[in-house]
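**Q** Input: one structure, supplied below.
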Amino acid sequence: MNKKSSLILALDVLSRDEALRLSEQLGNYFDAIKIGYPLILHAGLGIVGEICTSIPVIADLKIADIPNTNRLICEAVLGAGATAIIAQAFPGKDSLLACADCARDFAADLFVVTEMSHPGAEEFMAPVAERMARLAVETGASGVVAPATRPERIRLIRSMIGERLIISPGVGAQGGSPGGALEAGADYLIVGRQIYGSADPLASTKELIESLRAG
Ligand code: BMP
């Protein structure tokens, strides 16, 4: 992923046409587009191949199964053209290693979820987030997903993972501050509804970029 804007677009729209229109209109302003279940289930896996011709696609399937199933999922989505995958750490090291091995085979990036950005993550994930981050390092992941809604957690995770990347959702619609997350150590912000849900996605993108420049 080339770092231009430090922004990743979470493209959780439900139609292929809208997804293609937005990726064409906004692609130049983002470093990658993150696609997950909402779009893939509606538009089909082929949407990954259509978008990845113009911008890197991060497949956010939050892979969380036994090693063999994890491998099958990774092969499908990386084979379709994604250049990165997101996996959960909680199924354990063997499951995560299956994703890491497959990512290596495809020369793709693996991002591991540490602690999610929504309030419910405090229930089960936050208490074990540091173990998840350690597992990400042990399995050779490219980076982790950490919450922009809790910059102090980004700071802690940054101190544990060295140079590995932090991609951070939770800005905009979920209330996290873009500047705060970057200042705490995030490399990339993941932003969805603030952009695709706005009346003018292009203007909202430019505004966000401008606000980051202004600090
Ligand atoms: P939005 O900016 O609309 O809140 O979208 C955030 C995106 O990041 C969604 O695709 C969501 O599934 C994802 N995400 C998140 O919000 N929090 C996490 O902890 C991990 C995520 O992948």
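Identifiers for the structure tokens are assigned positionally: chains receive A, B, ... in sequence, residues are indexed from 1 per chain, and ligands are indexed from 1 in the order shown.
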Collect all residues with atoms no farther than 8 Å from ligand 1, counting only C-alpha atoms and all ligand atoms, and output them as a PyMOL selection string.
**A** chain A and resi 10-12+34-36+60+62+86+113+115-118+121+145-147+168-174+190-195
**Q** May I have the residues within 12 Å of Glu163 of chain A as a ChimeraX atom specification, using only C-alpha atoms and disregarding those fewer than 6 positions away in the same chain?
**A** /A:137,140-144,157,185-187
**Q** Could you please take those selected residues and save C-alpha atoms as a PDB file, in the first residue's frame?
**A**
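What landed in result-v9.pdb:
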ATOM      1  CA  VAL A 137       3.682 -10.079  15.811  1.00  0.00           C
ATOM      2  CA  GLY A 140       4.479 -12.227  11.104  1.00  0.00           C
ATOM      3  CA  ALA A 141       1.396 -10.160  10.243  1.00  0.00           C
ATOM      4  CA  SER A 142       1.913  -6.922   8.338  1.00  0.00           C
ATOM      5  CA  GLY A 143      -0.119  -5.064  10.908  1.00  0.00           C
ATOM      6  CA  VAL A 144      -3.154  -4.824  13.129  1.00  0.00           C
ATOM      7  CA  ILE A 157      -0.640  -1.375  20.778  1.00  0.00           C
ATOM      8  CA  GLY A 185       0.276   5.967  16.201  1.00  0.00           C
ATOM      9  CA  ALA A 186      -2.157   4.804  13.531  1.00  0.00           C
ATOM     10  CA  ASP A 187      -0.705   4.627  10.013  1.00  0.00           C
TER      11      ASP A 187
END
**Q** Please return, as JSON, numbers by chain, all residues of segment 24-117 of chain A that DSSP assigns to alpha helix (DSSP H) on the basis of the backbone.
**A** {"A": [24, 25, 26, 37, 38, 39, 40, 41, 42, 43, 46, 47, 48, 49, 50, 51, 67, 68, 69, 70, 71, 72, 73, 74, 75, 76, 77, 78, 79, 93, 94, 95, 96, 97, 98, 99, 100, 101, 102, 103, 104, 105]}
**Q** Write a file of the just-selected residues containing C-alpha atoms, as a PDB file, in the first residue's frame.
**A**
ATOM      1  CA  GLU A  24     -13.696   5.390  -9.634  1.00  0.00           C
ATOM      2  CA  GLN A  25     -14.663   8.795  -8.256  1.00  0.00           C
ATOM      3  CA  LEU A  26     -12.675   8.529  -5.003  1.00  0.00           C
ATOM      4  CA  TYR A  37     -19.386  -8.959   3.787  1.00  0.00           C
ATOM      5  CA  PRO A  38     -22.006  -6.303   2.974  1.00  0.00           C
ATOM      6  CA  LEU A  39     -20.687  -5.602  -0.523  1.00  0.00           C
ATOM      7  CA  ILE A  40     -19.347  -9.077  -1.322  1.00  0.00           C
ATOM      8  CA  LEU A  41     -22.599 -10.761  -0.285  1.00  0.00           C
ATOM      9  CA  HIS A  42     -24.631  -8.403  -2.447  1.00  0.00           C
ATOM     10  CA  ALA A  43     -22.364  -7.988  -5.452  1.00  0.00           C
ATOM     11  CA  GLY A  46     -16.125 -10.703  -8.552  1.00  0.00           C
ATOM     12  CA  ILE A  47     -16.392  -7.163  -7.181  1.00  0.00           C
ATOM     13  CA  VAL A  48     -12.959  -7.643  -5.606  1.00  0.00           C
ATOM     14  CA  GLY A  49     -11.424  -8.268  -9.024  1.00  0.00           C
ATOM     15  CA  GLU A  50     -13.242  -5.310 -10.549  1.00  0.00           C
ATOM     16  CA  ILE A  51     -12.063  -2.814  -7.948  1.00  0.00           C
ATOM     17  CA  PRO A  67      -6.936 -23.395  10.021  1.00  0.00           C
ATOM     18  CA  ASN A  68      -8.199 -25.351   7.006  1.00  0.00           C
ATOM     19  CA  THR A  69     -11.292 -23.197   6.568  1.00  0.00           C
ATOM     20  CA  ASN A  70      -9.232 -20.058   7.078  1.00  0.00           C
ATOM     21  CA  ARG A  71      -6.921 -21.157   4.309  1.00  0.00           C
ATOM     22  CA  LEU A  72      -9.818 -21.822   1.940  1.00  0.00           C
ATOM     23  CA  ILE A  73     -11.290 -18.364   2.628  1.00  0.00           C
ATOM     24  CA  CYS A  74      -7.925 -16.650   2.151  1.00  0.00           C
ATOM     25  CA  GLU A  75      -7.253 -18.485  -1.100  1.00  0.00           C
ATOM     26  CA  ALA A  76     -10.655 -17.515  -2.470  1.00  0.00           C
ATOM     27  CA  VAL A  77     -10.402 -13.817  -1.732  1.00  0.00           C
ATOM     28  CA  LEU A  78      -6.694 -13.406  -2.492  1.00  0.00           C
ATOM     29  CA  GLY A  79      -7.207 -15.419  -5.667  1.00  0.00           C
ATOM     30  CA  LYS A  93      -2.226 -19.189  16.684  1.00  0.00           C
ATOM     31  CA  ASP A  94      -2.751 -22.148  14.350  1.00  0.00           C
ATOM     32  CA  SER A  95      -5.731 -20.454  12.712  1.00  0.00           C
ATOM     33  CA  LEU A  96      -3.887 -17.189  12.332  1.00  0.00           C
ATOM     34  CA  LEU A  97      -0.811 -18.935  10.952  1.00  0.00           C
ATOM     35  CA  ALA A  98      -2.983 -20.458   8.221  1.00  0.00           C
ATOM     36  CA  CYS A  99      -3.898 -16.911   7.158  1.00  0.00           C
ATOM     37  CA  ALA A 100      -0.297 -15.709   7.464  1.00  0.00           C
ATOM     38  CA  ASP A 101       0.993 -18.593   5.342  1.00  0.00           C
ATOM     39  CA  CYS A 102      -1.598 -17.999   2.666  1.00  0.00           C
ATOM     40  CA  ALA A 103      -0.917 -14.249   2.654  1.00  0.00           C
ATOM     41  CA  ARG A 104       2.771 -15.013   2.164  1.00  0.00           C
ATOM     42  CA  ASP A 105       1.989 -17.337  -0.768  1.00  0.00           C
TER      43      ASP A 105
END
**Q** Nearest to Gly92 of chain A among A:Ile8, A:Leu182, A:Leu135, A:Ala126, with distances taken over only C-alpha atoms: which residue is it?
**A** A:Leu135
**Q** Taking into account only C-alpha atoms, which residue in the set A:Glu152, A:Asp65, A:Asp200, A:Glu122 is nearest to Ala184 of chain A?
**A**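 Nearest candidate to Ala184 of chain A out of A:Glu152, A:Asp65, A:Asp200, A:Glu122: A:Glu152.
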**Q** Quote the spacing between atom CA of Thr83 of chain A and atom CA of Leu61 of chain A in Å to one decimal place.
**A** 13.0 Å
**Q** Between atom CA of Cys52 of chain A and atom CA of Tyr188 of chain A, what distance in Å does the model show, to one decimal?
**A** 18.5 Å
